[in-house]
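Asks: What follows is coords-v7.txt, compact mmCIF, C-alpha atoms.
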# COMPACT_ATOMS: atom_id res chain seq x y z
CA MET Z 1149 13.01 4.50 -18.85
CA ALA Z 1150 13.99 1.74 -16.45
CA THR Z 1151 12.46 2.22 -13.05
CA GLU Z 1152 13.05 0.19 -9.97
CA LEU Z 1153 10.19 -1.83 -8.60
CA ILE Z 1154 9.42 -1.36 -4.94
CA ARG Z 1155 9.16 -4.75 -3.22
CA ILE Z 1156 6.99 -4.95 -0.11
CA PRO Z 1157 8.41 -7.36 2.51
CA ILE Z 1158 6.12 -10.28 3.32
CA LEU Z 1159 6.66 -11.70 6.80
CA GLN Z 1160 5.58 -15.07 8.14
CA ILE Z 1161 4.17 -15.42 11.66
CA GLU Z 1162 3.09 -18.97 12.50
CA ASP Z 1163 0.66 -19.97 9.74
CA PHE Z 1164 0.03 -16.42 8.60
CA LEU Z 1165 1.66 -14.00 6.22
CA VAL Z 1166 1.79 -10.31 7.08
CA ALA Z 1167 2.53 -7.54 4.59
CA SER Z 1168 2.51 -3.93 5.66
CA ILE Z 1169 2.51 -1.30 2.94
CA GLN Z 1170 4.66 1.62 4.08
CA VAL Z 1171 5.29 3.45 0.81
CA ALA Z 1172 3.28 5.02 -1.99
CA LEU Z 1173 2.96 2.20 -4.52
CA HIS Z 1174 2.99 2.96 -8.20
CA ASP Z 1175 1.00 0.63 -10.42
CA ARG Z 1176 3.75 -1.74 -11.48
CA SER Z 1177 4.97 -2.18 -7.89
CA ALA Z 1178 1.39 -2.89 -6.83
CA VAL Z 1179 1.04 -5.61 -9.47
CA GLN Z 1180 4.40 -7.06 -8.37
CA PHE Z 1181 3.13 -7.03 -4.78
CA ARG Z 1182 0.03 -9.01 -5.79
CA ASP Z 1183 2.14 -11.58 -7.62
CA ASP Z 1184 4.63 -11.84 -4.73
CA LEU Z 1185 1.79 -12.39 -2.25
CA LEU Z 1186 0.21 -15.19 -4.26
CA GLN Z 1187 3.56 -16.91 -4.80
CA ARG Z 1188 4.35 -16.71 -1.06
CA ILE Z 1189 0.93 -18.14 -0.18
CA PHE Z 1190 1.66 -21.05 -2.51
CA ASP Z 1191 5.21 -21.58 -1.21
CA THR Z 1192 4.38 -21.36 2.50
CA LYS Z 1193 0.85 -22.88 2.40
CA ALA Z 1194 -0.16 -20.04 4.70
CA LYS Z 1195 -3.66 -20.30 6.11
CA GLY Z 1196 -4.14 -16.57 6.32
CA LEU Z 1197 -2.82 -13.28 5.00
CA ILE Z 1198 -3.01 -9.82 6.51
CA ILE Z 1199 -2.49 -6.76 4.36
CA ASP Z 1200 -1.84 -3.86 6.72
CA LEU Z 1201 -2.65 -0.40 5.38
CA THR Z 1202 -1.99 1.62 8.56
CA ALA Z 1203 0.68 3.71 6.84
CA VAL Z 1204 -1.24 4.16 3.58
CA ASP Z 1205 -2.95 7.52 3.21
CA ILE Z 1206 -4.23 7.17 -0.37
CA VAL Z 1207 -5.92 4.18 -1.99
CA ASP Z 1208 -7.16 4.97 -5.49
CA SER Z 1209 -9.38 2.73 -7.62
CA PHE Z 1210 -6.41 0.85 -9.08
CA ILE Z 1211 -4.93 -0.16 -5.71
CA GLY Z 1212 -8.40 -0.72 -4.23
CA ARG Z 1213 -9.33 -3.09 -7.02
CA LEU Z 1214 -5.97 -4.84 -6.75
CA ILE Z 1215 -6.49 -5.52 -3.04
CA GLY Z 1216 -9.92 -6.94 -3.89
CA ASP Z 1217 -8.31 -9.15 -6.53
CA VAL Z 1218 -5.69 -10.45 -4.06
CA ALA Z 1219 -8.44 -11.42 -1.61
CA GLU Z 1220 -10.37 -13.21 -4.35
CA MET Z 1221 -7.33 -15.03 -5.71
CA ALA Z 1222 -6.11 -16.00 -2.24
CA ALA Z 1223 -9.58 -17.37 -1.46
CA LEU Z 1224 -9.30 -19.57 -4.56
CA MET Z 1225 -6.07 -20.93 -3.09
CA GLY Z 1226 -7.77 -21.59 0.25
CA THR Z 1227 -6.25 -18.69 2.17
CA ARG Z 1228 -8.18 -16.18 4.24
CA VAL Z 1229 -7.36 -12.49 3.79
CA VAL Z 1230 -7.85 -9.67 6.27
CA VAL Z 1231 -7.13 -6.01 5.49
CA SER Z 1232 -6.16 -4.04 8.58
CA GLY Z 1233 -5.59 -0.43 9.59
CA LEU Z 1234 -7.71 1.44 7.04
CA GLN Z 1235 -7.41 5.16 7.84
CA PRO Z 1236 -10.70 7.12 8.04
CA ALA Z 1237 -9.78 9.16 4.95
CA VAL Z 1238 -9.06 5.97 3.00
CA ALA Z 1239 -12.36 4.39 4.02
CA ILE Z 1240 -14.22 7.55 2.97
CA THR Z 1241 -12.50 7.96 -0.40
CA LEU Z 1242 -12.92 4.26 -1.24
CA THR Z 1243 -16.65 4.48 -0.59
CA GLU Z 1244 -16.96 7.69 -2.62
CA LEU Z 1245 -15.11 6.04 -5.47
CA GLY Z 1246 -17.70 3.30 -5.35
CA LEU Z 1247 -15.25 0.63 -4.18
CA GLU Z 1248 -16.68 -0.81 -0.99
CA LEU Z 1249 -14.55 -3.94 -1.31
CA PRO Z 1250 -17.41 -6.37 -0.73
CA GLY Z 1251 -16.41 -9.67 0.78
CA ILE Z 1252 -13.23 -8.33 2.28
CA ILE Z 1253 -12.77 -8.83 5.99
CA THR Z 1254 -11.33 -5.75 7.66
CA ALA Z 1255 -9.83 -5.18 11.09
CA LEU Z 1256 -9.07 -2.01 12.97
CA ASN Z 1257 -5.42 -2.95 13.43
CA LEU Z 1258 -2.89 -5.71 12.86
CA GLU Z 1259 -3.46 -7.31 16.28
CA LYS Z 1260 -7.20 -7.58 15.74
CA GLY Z 1261 -6.55 -8.83 12.21
CA ILE Z 1262 -4.49 -11.73 13.57
CA ALA Z 1263 -7.21 -12.51 16.12
CA ILE Z 1264 -9.83 -12.65 13.34
CA LEU Z 1265 -7.65 -14.91 11.21
CA ARG Z 1266 -6.99 -17.27 14.14
CA ARG Z 1267 -10.73 -17.59 14.75
CA GLN Z 1268 -11.52 -18.13 11.09
CA VAL Z 1269 -8.80 -20.70 10.60
CA SER Z 1270 -9.87 -22.67 13.69
CA GLN Z 1271 -13.46 -22.62 12.39
CA ASP Z 1272 -12.19 -23.87 9.04
CA SER Z 1273 -10.38 -26.81 10.68
CA ASP Z 1274 -13.47 -27.64 12.79
CA THR Z 1275 -15.55 -27.86 9.63
CA GLU Z 1276 -12.89 -30.03 8.03
CA GLU Z 1277 -12.98 -32.45 10.99
CA GLU Z 1278 -16.76 -32.63 10.88
CA ALA Z 1279 -16.61 -33.42 7.20
CA GLN Z 1280 -14.28 -36.37 7.79
CA MET E 790 2.19 32.65 -2.01
CA ILE E 791 1.48 29.20 -3.37
CA GLN E 792 2.63 28.76 -6.97
CA GLU E 793 0.92 26.75 -9.67
CA ARG E 794 2.63 23.45 -10.43
CA THR E 795 2.46 21.64 -13.74
CA LEU E 796 3.59 18.05 -14.02
CA LEU E 797 4.20 15.97 -17.09
CA ILE E 798 2.33 12.67 -16.84
CA ARG E 799 3.86 9.81 -18.78
CA SER E 800 4.07 6.80 -16.46
CA ASP E 801 2.69 5.30 -13.28
CA LEU E 802 5.56 7.00 -11.39
CA ASP E 803 4.23 10.40 -12.51
CA ILE E 804 0.78 9.47 -11.16
CA VAL E 805 2.32 9.09 -7.71
CA SER E 806 4.25 12.39 -8.03
CA ALA E 807 1.12 14.25 -9.13
CA ARG E 808 -0.96 13.06 -6.21
CA VAL E 809 1.83 13.82 -3.71
CA GLU E 810 2.08 17.32 -5.21
CA GLY E 811 -1.72 17.71 -4.97
CA ARG E 812 -1.87 16.56 -1.40
CA ASP E 813 0.97 18.92 -0.39
CA MET E 814 -0.72 21.91 -1.99
CA ALA E 815 -4.11 20.97 -0.50
CA LYS E 816 -2.47 20.81 2.91
CA ALA E 817 -0.74 24.16 2.41
CA LEU E 818 -4.08 25.69 1.40
CA GLY E 819 -5.66 24.54 4.66
CA PHE E 820 -7.62 21.43 3.64
CA GLY E 821 -8.12 18.79 6.34
CA THR E 822 -6.76 15.25 6.04
CA ILE E 823 -9.93 13.77 4.55
CA ASP E 824 -10.20 16.43 1.84
CA GLN E 825 -6.45 16.07 1.18
CA ALA E 826 -7.06 12.38 0.53
CA ARG E 827 -10.06 13.14 -1.70
CA ILE E 828 -8.05 15.63 -3.78
CA ALA E 829 -5.03 13.33 -4.04
CA THR E 830 -7.22 10.36 -4.98
CA ALA E 831 -9.07 12.35 -7.65
CA ILE E 832 -5.72 13.44 -9.13
CA SER E 833 -4.64 9.81 -9.15
CA GLU E 834 -7.77 8.79 -11.10
CA LEU E 835 -7.38 11.61 -13.65
CA ALA E 836 -3.64 11.08 -14.12
CA ARG E 837 -4.12 7.34 -14.58
CA ASN E 838 -6.60 7.96 -17.39
CA VAL E 839 -3.95 10.09 -19.11
CA VAL E 840 -1.38 7.29 -18.90
CA LEU E 841 -3.86 4.58 -19.95
CA TYR E 842 -5.69 6.29 -22.77
CA ALA E 843 -3.54 9.17 -24.02
CA GLY E 844 -0.03 7.97 -23.15
CA GLU E 845 1.01 11.41 -21.99
CA GLY E 846 -0.39 14.69 -20.79
CA THR E 847 -0.14 17.24 -18.00
CA VAL E 848 -1.63 17.86 -14.58
CA SER E 849 -1.63 21.44 -13.29
CA ILE E 850 -2.47 22.16 -9.68
CA ARG E 851 -3.16 25.67 -8.42
CA PRO E 852 -4.98 27.68 -5.78
CA ALA E 853 -8.48 28.74 -6.85
CA GLU E 854 -10.77 31.59 -5.84
CA LYS E 855 -14.40 32.29 -6.72
CA GLY E 856 -16.87 34.62 -5.05
CA GLY E 857 -14.76 34.93 -1.93
CA ARG E 858 -14.36 31.16 -1.66
CA LYS E 859 -10.90 29.64 -1.68
CA GLY E 860 -9.93 26.25 -2.89
CA ILE E 861 -7.78 24.16 -5.20
CA GLU E 862 -8.07 23.62 -8.94
CA VAL E 863 -6.63 20.72 -10.89
CA VAL E 864 -6.46 20.81 -14.69
CA CYS E 865 -5.70 17.56 -16.48
CA GLU E 866 -5.00 17.79 -20.19
CA ASP E 867 -3.98 15.40 -22.92
CA LYS E 868 -3.84 15.21 -26.70
CA GLY E 869 -5.07 11.64 -26.71
CA PRO E 870 -7.85 10.00 -28.72
CA GLY E 871 -10.59 11.91 -26.90
CA ILE E 872 -13.87 10.52 -25.62
CA GLU E 873 -16.63 9.89 -28.13
CA ASP E 874 -19.54 10.05 -25.72
CA VAL E 875 -18.75 11.73 -22.41
CA SER E 876 -22.11 10.76 -20.90
CA VAL E 877 -21.18 7.08 -21.26
CA VAL E 878 -17.89 7.36 -19.35
CA MET E 879 -19.59 9.43 -16.67
CA GLN E 880 -22.05 6.63 -15.97
CA ASP E 881 -21.57 4.93 -12.67
CA GLY E 882 -20.57 1.38 -13.18
CA TYR E 883 -18.67 2.15 -16.34
CA SER E 884 -15.61 2.49 -14.12
CA THR E 885 -16.22 -0.84 -12.47
CA SER E 886 -15.33 -2.73 -15.63
CA ARG E 887 -12.47 -4.96 -14.66
CA GLY E 888 -8.98 -3.62 -15.12
CA LEU E 889 -9.08 -0.35 -16.96
CA GLY E 890 -11.80 1.69 -15.31
CA MET E 891 -12.02 5.33 -16.26
CA GLY E 892 -12.57 6.45 -12.69
CA LEU E 893 -14.23 9.70 -13.83
CA PRO E 894 -17.48 9.34 -11.85
CA GLY E 895 -15.34 8.58 -8.79
CA ALA E 896 -13.20 11.67 -9.32
CA LYS E 897 -16.36 13.73 -9.73
CA ARG E 898 -17.81 12.50 -6.45
CA LEU E 899 -14.56 13.24 -4.60
CA MET E 900 -14.46 16.86 -5.78
CA ASP E 901 -16.95 19.79 -5.72
CA ASP E 902 -16.70 20.95 -9.36
CA PHE E 903 -16.08 18.79 -12.40
CA GLU E 904 -15.84 20.04 -15.97
CA ILE E 905 -14.91 17.96 -18.95
CA ASP E 906 -14.20 18.97 -22.52
CA SER E 907 -13.26 16.18 -24.91
CA GLN E 908 -13.01 16.01 -28.66
CA VAL E 909 -12.28 12.91 -30.67
CA GLY E 910 -8.87 13.19 -32.29
CA VAL E 911 -8.02 16.36 -30.38
CA GLY E 912 -7.82 15.42 -26.73
CA THR E 913 -9.41 15.76 -23.34
CA LYS E 914 -9.35 18.51 -20.73
CA ILE E 915 -10.79 17.96 -17.28
CA ILE E 916 -10.98 20.63 -14.58
CA VAL E 917 -11.85 19.72 -11.01
CA ARG E 918 -12.08 21.97 -7.95
CA LYS E 919 -12.51 21.53 -4.24
CA TRP E 920 -13.53 24.44 -2.01
CA LEU E 921 -12.50 25.08 1.56
CA ARG E 922 -15.42 24.88 3.95
Can you dump the structure from the file as structure tokens?
Replies:
Amino acid sequence: MATELIRIPILQIEDFLVASIQVALHDRSAVQFRDDLLQRIFDTKAKGLIIDLTAVDIVDSFIGRLIGDVAEMAALMGTRVVVSGLQPAVAITLTELGLELPGIITALNLEKGIAILRRQVSQDSDTEEEAQ
Amino acid sequence: MIQERTLLIRSDLDIVSARVEGRDMAKALGFGTIDQARIATAISELARNVVLYAGEGTVSIRPAEKGGRKGIEVVCEDKGPGIEDVSVVMQDGYSTSRGLGMGLPGAKRLMDDFEIDSQVGVGTKIIVRKWLR
């Protein structure tokens, strides 16, 4: 059975990439999303990535783990990741599933997510200058 | 009158349909948004196990009643390989193995009742329930 993959648009704002999940992702689309994100980070040399989950009402262990993987892989490529807009129900179910997403920076909304990234990236460049 | 719904689970698309169906019925039965998410997430975990380990199976979702309490019951059945030692897969941490976690302890925590019956070579049947408060 051939099924169409859902592609999540990835937008670029200044040095950052923003991807907002607005649909229920099935597993293959979620894996495609991860691969697309990493490729875009590589192509654009983005300093930060925000994954916005405001419109997502269910995150199961598969998607939760995948978001954790994206953050880890992006960090390997030198890109900071912030997850924004976690609904209360999503935060509760993730914790009950035992997926607290350690090491992931979260923000209440997209705007705050961008503010966090800006701060982090400017700290990163300060450290780079000191090192030189 | 809310009717029982049975869905065939064969692919990751069916996992999404099953949890949407579960959430809709939970909502219709009067569950709040957080319990709706718990029920839908538990269905997602159970249905994914079916796809990963059995290849195909069914998820039935129906209203439940016991001792004057009302709730929702989800029955997940497959004729897959079965689970040799249920106590092992119910251990916390078993599901955190990278990639293919079983997610059963998670599903148990999200719901109020959890019953599992599995026989090697025969299949697995899991019943979960959530009660309205």
Asks: Please return, as a VMD selection string, all residues of chain Z lying within 9 Å of chain E when all atoms listed in the file are considered.
Replies: chain Z and resid 1151 1172 to 1176 1205 to 1210 1213 to 1214 1236 to 1238 1240 to 1241 1244 to 1247
Asks: Could you dump the residues just selected with C-alpha atoms as an mmCIF file, in the frame of the given file?
Replies:
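Saved result, selection-v2.cif, follows:
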data_model
loop_
_atom_site.group_PDB
_atom_site.id
_atom_site.type_symbol
_atom_site.label_atom_id
_atom_site.label_comp_id
_atom_site.auth_asym_id
_atom_site.auth_seq_id
_atom_site.Cartn_x
_atom_site.Cartn_y
_atom_site.Cartn_z
ATOM 1 C CA THR Z 1151 12.460 2.220 -13.050
ATOM 2 C CA ALA Z 1172 3.280 5.020 -1.990
ATOM 3 C CA LEU Z 1173 2.960 2.200 -4.520
ATOM 4 C CA HIS Z 1174 2.990 2.960 -8.200
ATOM 5 C CA ASP Z 1175 1.000 0.630 -10.420
ATOM 6 C CA ARG Z 1176 3.750 -1.740 -11.480
ATOM 7 C CA ASP Z 1205 -2.950 7.520 3.210
ATOM 8 C CA ILE Z 1206 -4.230 7.170 -0.370
ATOM 9 C CA VAL Z 1207 -5.920 4.180 -1.990
ATOM 10 C CA ASP Z 1208 -7.160 4.970 -5.490
ATOM 11 C CA SER Z 1209 -9.380 2.730 -7.620
ATOM 12 C CA PHE Z 1210 -6.410 0.850 -9.080
ATOM 13 C CA ARG Z 1213 -9.330 -3.090 -7.020
ATOM 14 C CA LEU Z 1214 -5.970 -4.840 -6.750
ATOM 15 C CA PRO Z 1236 -10.700 7.120 8.040
ATOM 16 C CA ALA Z 1237 -9.780 9.160 4.950
ATOM 17 C CA VAL Z 1238 -9.060 5.970 3.000
ATOM 18 C CA ILE Z 1240 -14.220 7.550 2.970
ATOM 19 C CA THR Z 1241 -12.500 7.960 -0.400
ATOM 20 C CA GLU Z 1244 -16.960 7.690 -2.620
ATOM 21 C CA LEU Z 1245 -15.110 6.040 -5.470
ATOM 22 C CA GLY Z 1246 -17.700 3.300 -5.350
ATOM 23 C CA LEU Z 1247 -15.250 0.630 -4.180
#
Asks: Quick check, in Å to one decimal: how far apart do atom CA of Ser1270 of chain Z and atom CA of Phe1164 of chain Z lie?
Replies: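 Taking atom CA of Ser1270 of chain Z as the start and atom CA of Phe1164 of chain Z as the end point, the length is 12.8 Å.
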Asks: State, in Å with one decimal place, the distance from atom CA of Leu797 of chain E to atom CA of Pro870 of chain E.
Replies: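 Interatomic distance here is 17.8 Å.
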Asks: Near Leu1258 of chain Z, counting all atoms listed in the file, which residues have an atom at most 9 Å away, once you skip same-chain residues fewer than 6 positions from it, shown as a list of chain:residue names?
Replies: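 That gives Z:Val1166, Z:Ile1198, Z:Ile1199, Z:Asp1200, Z:Thr1202, Z:Val1231, Z:Ser1232, Z:Gly1233.
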Asks: Let me see the file: selected residues, C-alpha atoms, as a short mmCIF file (atom, residue, chain, number, x, y, z; two decimals), keeping the file's coordinate frame.
Replies:
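That gives us part.cif:
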data_model
loop_
_atom_site.label_atom_id
_atom_site.label_comp_id
_atom_site.auth_asym_id
_atom_site.auth_seq_id
_atom_site.Cartn_x
_atom_site.Cartn_y
_atom_site.Cartn_z
CA VAL Z 1166 1.79 -10.31 7.08
CA ILE Z 1198 -3.01 -9.82 6.51
CA ILE Z 1199 -2.49 -6.76 4.36
CA ASP Z 1200 -1.84 -3.86 6.72
CA THR Z 1202 -1.99 1.62 8.56
CA VAL Z 1231 -7.13 -6.01 5.49
CA SER Z 1232 -6.16 -4.04 8.58
CA GLY Z 1233 -5.59 -0.43 9.59
#
Asks: Which residue is closest to Leu1256 of chain Z? Choose from Z:Val1218, Z:Pro1157, Z:Val1171, Z:Val1230 and count only C-alpha atoms.
Replies: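 Looking only at the distances to Leu1256 of chain Z, the closest residue turns out to be Z:Val1230.
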Asks: Figure out the distance between atom CA of Arg1266 of chain Z and atom CA of Met1221 of chain Z, please, to one decimal in Å.
Replies: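 For atom CA of Met1221 of chain Z relative to atom CA of Arg1266 of chain Z, the distance reads 20.0 Å.
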Asks: Could you tell me which of Z:Leu1234, Z:Ala1279, Z:Ala1178, Z:Leu1197 comes closest to Ala1263 of chain Z if we count only C-alpha atoms?
Replies: Z:Leu1197
Asks: Of the candidates E:Arg918, E:Gln792, E:Ile905, E:Asp867, which one gets nearest to Asn838 of chain E if we count all atoms listed in the file?
Replies: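 So, comparing all the options, the nearest one is E:Asp867.
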Asks: For the point (-16.8, 25.3, 3.3) in the file's frame, write as a PyMOL selection string all residues with an atom no more than 12 Å away, counting only C-alpha atoms.
Replies: chain E and resi 819-821+824+857-860+901+919-922
Asks: Could you work out an axis-aligned bounding box for all listed atoms of segment 1217-1234 of chain Z, with 8 Å added on each of the six sides, and give its centre and edge lengths in Å to one decimal, as lines of an AutoDock Vina configuration file?
Replies:
center_x = -8.0
center_y = -10.1
center_z = 1.5
size_x = 20.8
size_y = 39.0
size_z = 32.1
Asks: So which one's closest to Ile1154 of chain Z, Z:Ile1169, Z:Ile1262, Z:Ser1177, Z:Thr1254? Using all atoms listed in the file, please.
Replies: Z:Ser1177
Asks: Regenerate segment 1150-1177 of chain Z at the level of N, CA and C atoms and dump it as a PDB file, keeping the file's coordinate frame.
Replies:
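Generated output (out_7.pdb):
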ATOM      1  N   ALA Z1150      14.019   2.855 -17.397  1.00  0.00           N
ATOM      2  CA  ALA Z1150      13.990   1.740 -16.450  1.00  0.00           C
ATOM      3  C   ALA Z1150      13.749   2.276 -15.050  1.00  0.00           C
ATOM      4  N   THR Z1151      12.715   1.762 -14.413  1.00  0.00           N
ATOM      5  CA  THR Z1151      12.460   2.220 -13.050  1.00  0.00           C
ATOM      6  C   THR Z1151      12.467   1.022 -12.121  1.00  0.00           C
ATOM      7  N   GLU Z1152      12.945   1.271 -10.930  1.00  0.00           N
ATOM      8  CA  GLU Z1152      13.050   0.190  -9.970  1.00  0.00           C
ATOM      9  C   GLU Z1152      11.699  -0.139  -9.360  1.00  0.00           C
ATOM     10  N   LEU Z1153      11.422  -1.408  -9.260  1.00  0.00           N
ATOM     11  CA  LEU Z1153      10.190  -1.830  -8.600  1.00  0.00           C
ATOM     12  C   LEU Z1153      10.400  -1.784  -7.099  1.00  0.00           C
ATOM     13  N   ILE Z1154       9.371  -1.346  -6.398  1.00  0.00           N
ATOM     14  CA  ILE Z1154       9.420  -1.360  -4.940  1.00  0.00           C
ATOM     15  C   ILE Z1154       8.890  -2.725  -4.510  1.00  0.00           C
ATOM     16  N   ARG Z1155       9.644  -3.456  -3.697  1.00  0.00           N
ATOM     17  CA  ARG Z1155       9.160  -4.750  -3.220  1.00  0.00           C
ATOM     18  C   ARG Z1155       8.727  -4.603  -1.764  1.00  0.00           C
ATOM     19  N   ILE Z1156       7.517  -5.015  -1.478  1.00  0.00           N
ATOM     20  CA  ILE Z1156       6.990  -4.950  -0.110  1.00  0.00           C
ATOM     21  C   ILE Z1156       7.372  -6.238   0.611  1.00  0.00           C
ATOM     22  N   PRO Z1157       8.044  -6.138   1.780  1.00  0.00           N
ATOM     23  CA  PRO Z1157       8.410  -7.360   2.510  1.00  0.00           C
ATOM     24  C   PRO Z1157       7.172  -8.119   2.988  1.00  0.00           C
ATOM     25  N   ILE Z1158       7.218  -9.427   2.854  1.00  0.00           N
ATOM     26  CA  ILE Z1158       6.120 -10.280   3.320  1.00  0.00           C
ATOM     27  C   ILE Z1158       6.667 -11.156   4.435  1.00  0.00           C
ATOM     28  N   LEU Z1159       6.142 -10.990   5.635  1.00  0.00           N
ATOM     29  CA  LEU Z1159       6.660 -11.700   6.800  1.00  0.00           C
ATOM     30  C   LEU Z1159       5.762 -12.879   7.139  1.00  0.00           C
ATOM     31  N   GLN Z1160       6.385 -13.930   7.720  1.00  0.00           N
ATOM     32  CA  GLN Z1160       5.580 -15.070   8.140  1.00  0.00           C
ATOM     33  C   GLN Z1160       5.553 -15.136   9.659  1.00  0.00           C
ATOM     34  N   ILE Z1161       4.338 -15.230  10.223  1.00  0.00           N
ATOM     35  CA  ILE Z1161       4.170 -15.420  11.660  1.00  0.00           C
ATOM     36  C   ILE Z1161       3.272 -16.632  11.820  1.00  0.00           C
ATOM     37  N   GLU Z1162       3.819 -17.694  12.388  1.00  0.00           N
ATOM     38  CA  GLU Z1162       3.090 -18.970  12.500  1.00  0.00           C
ATOM     39  C   GLU Z1162       2.558 -19.365  11.112  1.00  0.00           C
ATOM     40  N   ASP Z1163       1.231 -19.536  11.024  1.00  0.00           N
ATOM     41  CA  ASP Z1163       0.660 -19.970   9.740  1.00  0.00           C
ATOM     42  C   ASP Z1163       0.218 -18.817   8.867  1.00  0.00           C
ATOM     43  N   PHE Z1164       0.550 -17.598   9.297  1.00  0.00           N
ATOM     44  CA  PHE Z1164       0.030 -16.420   8.600  1.00  0.00           C
ATOM     45  C   PHE Z1164       1.139 -15.616   7.929  1.00  0.00           C
ATOM     46  N   LEU Z1165       0.748 -14.949   6.868  1.00  0.00           N
ATOM     47  CA  LEU Z1165       1.660 -14.000   6.220  1.00  0.00           C
ATOM     48  C   LEU Z1165       1.177 -12.588   6.550  1.00  0.00           C
ATOM     49  N   VAL Z1166       2.138 -11.696   6.765  1.00  0.00           N
ATOM     50  CA  VAL Z1166       1.790 -10.310   7.080  1.00  0.00           C
ATOM     51  C   VAL Z1166       2.573  -9.394   6.139  1.00  0.00           C
ATOM     52  N   ALA Z1167       1.864  -8.513   5.461  1.00  0.00           N
ATOM     53  CA  ALA Z1167       2.530  -7.540   4.590  1.00  0.00           C
ATOM     54  C   ALA Z1167       2.001  -6.159   4.935  1.00  0.00           C
ATOM     55  N   SER Z1168       2.908  -5.282   5.289  1.00  0.00           N
ATOM     56  CA  SER Z1168       2.510  -3.930   5.660  1.00  0.00           C
ATOM     57  C   SER Z1168       3.024  -2.958   4.608  1.00  0.00           C
ATOM     58  N   ILE Z1169       2.109  -2.242   3.987  1.00  0.00           N
ATOM     59  CA  ILE Z1169       2.510  -1.300   2.940  1.00  0.00           C
ATOM     60  C   ILE Z1169       2.910   0.016   3.597  1.00  0.00           C
ATOM     61  N   GLN Z1170       4.152   0.427   3.398  1.00  0.00           N
ATOM     62  CA  GLN Z1170       4.660   1.620   4.080  1.00  0.00           C
ATOM     63  C   GLN Z1170       5.036   2.725   3.096  1.00  0.00           C
ATOM     64  N   VAL Z1171       4.887   2.453   1.811  1.00  0.00           N
ATOM     65  CA  VAL Z1171       5.290   3.450   0.810  1.00  0.00           C
ATOM     66  C   VAL Z1171       4.163   3.663  -0.189  1.00  0.00           C
ATOM     67  N   ALA Z1172       4.244   4.768  -0.916  1.00  0.00           N
ATOM     68  CA  ALA Z1172       3.280   5.020  -1.990  1.00  0.00           C
ATOM     69  C   ALA Z1172       3.625   4.086  -3.146  1.00  0.00           C
ATOM     70  N   LEU Z1173       2.701   3.188  -3.464  1.00  0.00           N
ATOM     71  CA  LEU Z1173       2.960   2.200  -4.520  1.00  0.00           C
ATOM     72  C   LEU Z1173       2.557   2.740  -5.875  1.00  0.00           C
ATOM     73  N   HIS Z1174       3.447   2.684  -6.842  1.00  0.00           N
ATOM     74  CA  HIS Z1174       2.990   2.960  -8.200  1.00  0.00           C
ATOM     75  C   HIS Z1174       2.455   1.652  -8.785  1.00  0.00           C
ATOM     76  N   ASP Z1175       1.784   1.763  -9.922  1.00  0.00           N
ATOM     77  CA  ASP Z1175       1.000   0.630 -10.420  1.00  0.00           C
ATOM     78  C   ASP Z1175       1.801  -0.653 -10.605  1.00  0.00           C
ATOM     79  N   ARG Z1176       2.989  -0.522 -11.211  1.00  0.00           N
ATOM     80  CA  ARG Z1176       3.750  -1.740 -11.480  1.00  0.00           C
ATOM     81  C   ARG Z1176       4.205  -2.423 -10.188  1.00  0.00           C
ATOM     82  N   SER Z1177       4.573  -1.600  -9.172  1.00  0.00           N
ATOM     83  CA  SER Z1177       4.970  -2.180  -7.890  1.00  0.00           C
ATOM     84  C   SER Z1177       3.781  -2.865  -7.220  1.00  0.00           C
TER      85      SER Z1177
END
